[in-house]
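Enquirer: Structure provided below as structure tokens; questions to follow.
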Amino acid sequence: MLKEEFVIIGAGVAGLCAANRLADLGKHSVVIEGGEYPVPKVCGEFLSPECLDYLRSWDIKPAREIKDAHFYAGSHHMHFTLPISAASMPHMQRDRQLLDYAQRNGVDVLLHTKVVDLRREREGYVLHLSNGQVLQAGHLLIATGRLPQFHSSPPQFPYVGIKNHIKGVHLKNRIEMYAFQGAYIGLVAIDEDTANVVCLAERNQLERVESAETLVRGLVGQYPTLYQYFEKSTYGYSEWLTCKVPAFGIKMPSLEPRVYFLGDAAGSIPPVTGDGVAMAVSSGVMAAECASYDDAKGYRTRWLKQHHKHMRWGQLLHRIMLSPRQVKCALRICASFPKLSNFLFLKTRTKLY
Ligand SMILES: Cc1cc2nc3c(=O)[nH]c(=O)nc-3n(C[C@H](O)[C@H](O)[C@H](O)COP(=O)(O)OP(=O)(O)OC[C@H]3O[C@@H](n4cnc5c(N)ncnc54)[C@H](O)[C@@H]3O)c2cc1C
């Protein structure tokens, strides 16, 4: 049986950031990824400001700076300048660069290898892999994403995520958010003339129509500005990418010695905040540092302290965004109290570890 001190399950942003941070600390790790990497995934491709310094330190250069946010709800439109500039980049590019840094720095990444069984034994954690290998881990970092893997609760998927790239759209340095009954759409520029478009909808919205594209086209027709983009654009992906999305919130399971849950496996924040990747980066870094001095308890306490309120604000914004009537009301309040939009933006950011 192969023995490793640090084993990371899942090569998403959280898993690779943990591996990169361990590499920076001079620790060797093995990352086990069930699928191919990178692969197209449903994601808004917005990068919150607080994770940019870490990404840059691993040679990842975001494609665009994002300075402004525009919100649309029915006939209402509000714009505000972000208190700190954010960024955007195609996630395939970001993930490829994260993986490159890891491999250049000695991280072993096993692709197409699933962890099929996991047990705690006296000497450590024993992992059975889909390729028949058995691995013993001293410290286990679980970064398996939002789909339940090693948690006990049965999966439920109240939402669906839908994404495409649309070409021929010039959004410059802004993100645009559109509210619908039971759904919202976000657009962000990812290069000179391409925007990433992502939709988060209640699952029943998709059940009522024949395809994800029909759903998005139906929504887009409700806003002339948005409709114009689609009228003159071509798609980056021939088929719209879709994914099931479970309920958002804290999932951090009970404490096991030398086990660290990170990224969406620890808790997922609604996409309206655009902060999921920043959470994955910060929890990856924090888990790597705590694992390097064997402090799973400290990690868990810090994670919960950091994200308890952060998640609540994210959930509040998410509930508001699913109702244009409430968004209109919120936009009116923000117009009367200009500092409120900055306050809400900052409340839904991850405090960097
Ligand atoms: C619709 C939508 C839009 C979003 N938009 C944004 C945005 O604009 N900005 C932002 O910051 N965040 C956004 N997010 C959130 C963001 O995408 C996630 O928070 C982030 O990707 C989480 O990264 P992760 O590494 O935790 O998980 P993942 O990226 O899901 O990675 C988990 C990995 O673990 C692997 N895995 C799982 N189980 C096993 C196993 N048993 N064995 C081996 N490997 C395994 C999977 O194959 C996968 O590669 C969005 C989310 C949604 C749903």
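Chain labels A, B, ... are given in the sequence in which chains occur in the structure tokens; within each chain residues are numbered consecutively from 1, and ligands are likewise numbered from 1 in the order shown.
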Could you give me, as an MDAnalysis selection string, every polymer residue with an atom at most 7 Å away from an atom of ligand 1, counting only C-alpha atoms and all ligand atoms?
Expert: chainID A and resid 9:15 32:35 37 42:48 113:116 143:146 149 161:162 198:200 245 262:265 268:271 274:280
Enquirer: Within 10 Å of region 213-228 of chain A, counting only C-alpha atoms, which residues qualify if same-chain residues fewer than 2 places away don't, as JSON, numbers by chain?
Expert: {"A": [72, 73, 74, 75, 162, 163, 164, 169, 176, 178, 179, 180, 181, 183, 184, 185, 187, 197, 198, 199, 200, 201, 205, 206, 207, 208, 209, 210, 211, 230, 231, 232, 233, 239, 240, 241, 242]}
Enquirer: Write out as number ranges by chain each polymer residue whose atoms come within 12 Å of Pro338 (chain A), counting only C-alpha atoms; drop sequence neighbours fewer than 5 positions from it.
Expert: A: 78-81, 83, 330-333, 343-344
Enquirer: Run DSSP on the backbone and tell me which residues of region 75-256 of chain A come out as helix (DSSP H, G or I); list them as a ChimeraX atom specification.
Expert: /A:91-104,203-207,212-220,224-231
Enquirer: When DSSP works through the backbone of this structure, what residues of region 92-156 of chain A end up as strand (DSSP E), shown as a PyMOL selection string?
Expert: chain A and resi 108-110+115-121+124-129+134-142
Enquirer: Keeping only N, CA, C and O atoms, take the residues you just selected and write them out as a short mmCIF file (atom, residue, chain, number, x, y, z; two decimals), in the first residue's frame.
Expert:
data_model
loop_
_atom_site.label_atom_id
_atom_site.label_comp_id
_atom_site.auth_asym_id
_atom_site.auth_seq_id
_atom_site.Cartn_x
_atom_site.Cartn_y
_atom_site.Cartn_z
N ASP A 108 1.68 15.39 -7.49
CA ASP A 108 1.24 14.26 -8.33
C ASP A 108 -0.26 14.35 -8.52
O ASP A 108 -1.01 14.32 -7.53
N VAL A 109 -0.70 14.48 -9.76
CA VAL A 109 -2.14 14.58 -10.01
C VAL A 109 -2.58 13.33 -10.78
O VAL A 109 -2.09 13.07 -11.88
N LEU A 110 -3.44 12.54 -10.16
CA LEU A 110 -3.95 11.34 -10.83
C LEU A 110 -5.31 11.68 -11.43
O LEU A 110 -6.26 11.91 -10.70
N VAL A 115 -12.05 8.14 -6.01
CA VAL A 115 -11.96 7.49 -4.71
C VAL A 115 -13.28 6.77 -4.52
O VAL A 115 -14.34 7.39 -4.48
N VAL A 116 -13.24 5.43 -4.47
CA VAL A 116 -14.50 4.68 -4.40
C VAL A 116 -14.83 4.24 -2.97
O VAL A 116 -15.97 3.94 -2.66
N ASP A 117 -13.81 4.20 -2.12
CA ASP A 117 -14.07 3.84 -0.73
C ASP A 117 -13.05 4.53 0.16
O ASP A 117 -11.88 4.70 -0.22
N LEU A 118 -13.52 4.91 1.34
CA LEU A 118 -12.66 5.66 2.25
C LEU A 118 -12.92 5.19 3.66
O LEU A 118 -14.06 5.14 4.10
N ARG A 119 -11.85 4.76 4.35
CA ARG A 119 -12.01 4.27 5.74
C ARG A 119 -10.97 4.87 6.64
O ARG A 119 -9.85 5.12 6.21
N ARG A 120 -11.38 5.01 7.92
CA ARG A 120 -10.41 5.49 8.89
C ARG A 120 -9.82 4.28 9.59
O ARG A 120 -10.56 3.44 10.11
N GLU A 121 -8.50 4.16 9.59
CA GLU A 121 -7.84 3.07 10.32
C GLU A 121 -6.83 3.66 11.29
O GLU A 121 -6.61 4.88 11.28
N GLY A 124 -4.07 5.78 9.74
CA GLY A 124 -4.44 6.91 8.87
C GLY A 124 -5.69 6.55 8.08
O GLY A 124 -6.43 5.63 8.45
N TYR A 125 -5.91 7.27 6.99
CA TYR A 125 -7.10 7.01 6.16
C TYR A 125 -6.71 6.11 4.99
O TYR A 125 -5.69 6.35 4.33
N VAL A 126 -7.55 5.11 4.74
CA VAL A 126 -7.25 4.20 3.64
C VAL A 126 -8.24 4.47 2.51
O VAL A 126 -9.46 4.45 2.70
N LEU A 127 -7.68 4.77 1.33
CA LEU A 127 -8.51 5.13 0.18
C LEU A 127 -8.39 4.04 -0.88
O LEU A 127 -7.28 3.67 -1.26
N HIS A 128 -9.54 3.57 -1.35
CA HIS A 128 -9.56 2.62 -2.45
C HIS A 128 -9.88 3.40 -3.72
O HIS A 128 -10.89 4.10 -3.77
N LEU A 129 -9.01 3.28 -4.71
CA LEU A 129 -9.18 4.06 -5.93
C LEU A 129 -9.77 3.20 -7.05
O LEU A 129 -9.64 1.96 -7.04
N VAL A 134 -4.53 1.16 -3.67
CA VAL A 134 -4.95 1.49 -2.30
C VAL A 134 -3.91 2.44 -1.73
O VAL A 134 -2.70 2.22 -1.88
N LEU A 135 -4.40 3.51 -1.12
CA LEU A 135 -3.50 4.58 -0.68
C LEU A 135 -3.75 4.87 0.79
O LEU A 135 -4.91 4.90 1.22
N GLN A 136 -2.70 5.09 1.54
CA GLN A 136 -2.90 5.48 2.94
C GLN A 136 -2.51 6.95 3.10
O GLN A 136 -1.42 7.35 2.68
N ALA A 137 -3.41 7.72 3.68
CA ALA A 137 -3.17 9.16 3.80
C ALA A 137 -3.01 9.56 5.25
O ALA A 137 -3.81 9.16 6.09
N GLY A 138 -1.99 10.37 5.54
CA GLY A 138 -1.82 10.91 6.87
C GLY A 138 -2.85 12.01 7.10
O GLY A 138 -3.59 12.01 8.08
N HIS A 139 -2.91 12.97 6.17
CA HIS A 139 -3.89 14.06 6.22
C HIS A 139 -4.73 13.99 4.96
O HIS A 139 -4.19 13.85 3.86
N LEU A 140 -6.04 14.13 5.15
CA LEU A 140 -6.95 13.99 4.02
C LEU A 140 -7.66 15.31 3.77
O LEU A 140 -8.34 15.84 4.66
N LEU A 141 -7.49 15.84 2.55
CA LEU A 141 -8.15 17.11 2.21
C LEU A 141 -9.25 16.78 1.19
O LEU A 141 -8.97 16.30 0.09
N ILE A 142 -10.49 17.00 1.60
CA ILE A 142 -11.62 16.60 0.75
C ILE A 142 -12.17 17.82 0.02
O ILE A 142 -12.72 18.74 0.63
#
Enquirer: Residues near His170 (chain A), anyone? I mean within 7 Å using only C-alpha atoms, not counting same-chain ones fewer than 3 positions away, as a list of chain:residue names.
Expert: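 Using only C-alpha atoms, the neighbours found are A:Glu192, A:Asp193, A:Thr194.
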Enquirer: Please produce an output containing C-alpha atoms for each residue in the selection, written as a CSV table (one decimal), in the first residue's frame.
Expert:
chain,number,residue,atom,x,y,z
A,192,GLU,CA,-12.7,41.8,-26.0
A,193,ASP,CA,-15.8,40.4,-27.7
A,194,THR,CA,-16.9,37.4,-25.7
Enquirer: Please indicate the distance in Å from CA of Gln93 (chain A) to CA of Leu52 (chain A), rounded to one decimal place.
Expert: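 Taking CA of Gln93 (chain A) and CA of Leu52 (chain A), their separation equals 14.7 Å.
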Enquirer: Neighbouring residues of Gln103 (chain A) were defined as those with any atom within 12 Å, considering only C-alpha atoms; residues of the same chain fewer than 5 positions away were excluded. Please report them as an MDAnalysis selection string.
Expert: chainID A and resid 11 16 19:20 23 28:31 58 96:98 108:110
Enquirer: By how many Å are CA of Met92 (chain A) and CA of Lys41 (chain A) apart?
Expert: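 Straight-line distance from CA of Met92 (chain A) to CA of Lys41 (chain A) works out to 8.3 Å.
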Enquirer: Got a sec: who's within 10 Å of Ile190 (chain A), counting only C-alpha atoms, leaving out chain neighbours fewer than 5 positions off, as a PyMOL selection string?
Expert: chain A and resi 45-46+62-66+87-91+165-167+170-173+195-196
Enquirer: When you look at region 282-299 of chain A with a cut-off of 6 Å (counting only C-alpha atoms), what residues show up, excluding the ones that are within fewer than 5 positions of it in the same chain? I need them as a list of chain:residue names.
Expert: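 So the residues in contact are A:Ala14, A:Cys17, A:Ala18, A:Arg21, A:Leu22, A:Arg258, A:Leu262.
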Enquirer: Could you check which of A:Met1, A:Leu111, A:Cys243, A:Ile84 is closest to Pro40 (chain A), using only C-alpha atoms?
Expert: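 Closest to Pro40 (chain A) of all the choices is A:Cys243.
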Enquirer: To one decimal in Å, tell me the separation between CA of His77 (chain A) and CA of Thr348 (chain A).
Expert: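 Interatomic distance, CA of His77 (chain A) to CA of Thr348 (chain A): 21.0 Å.
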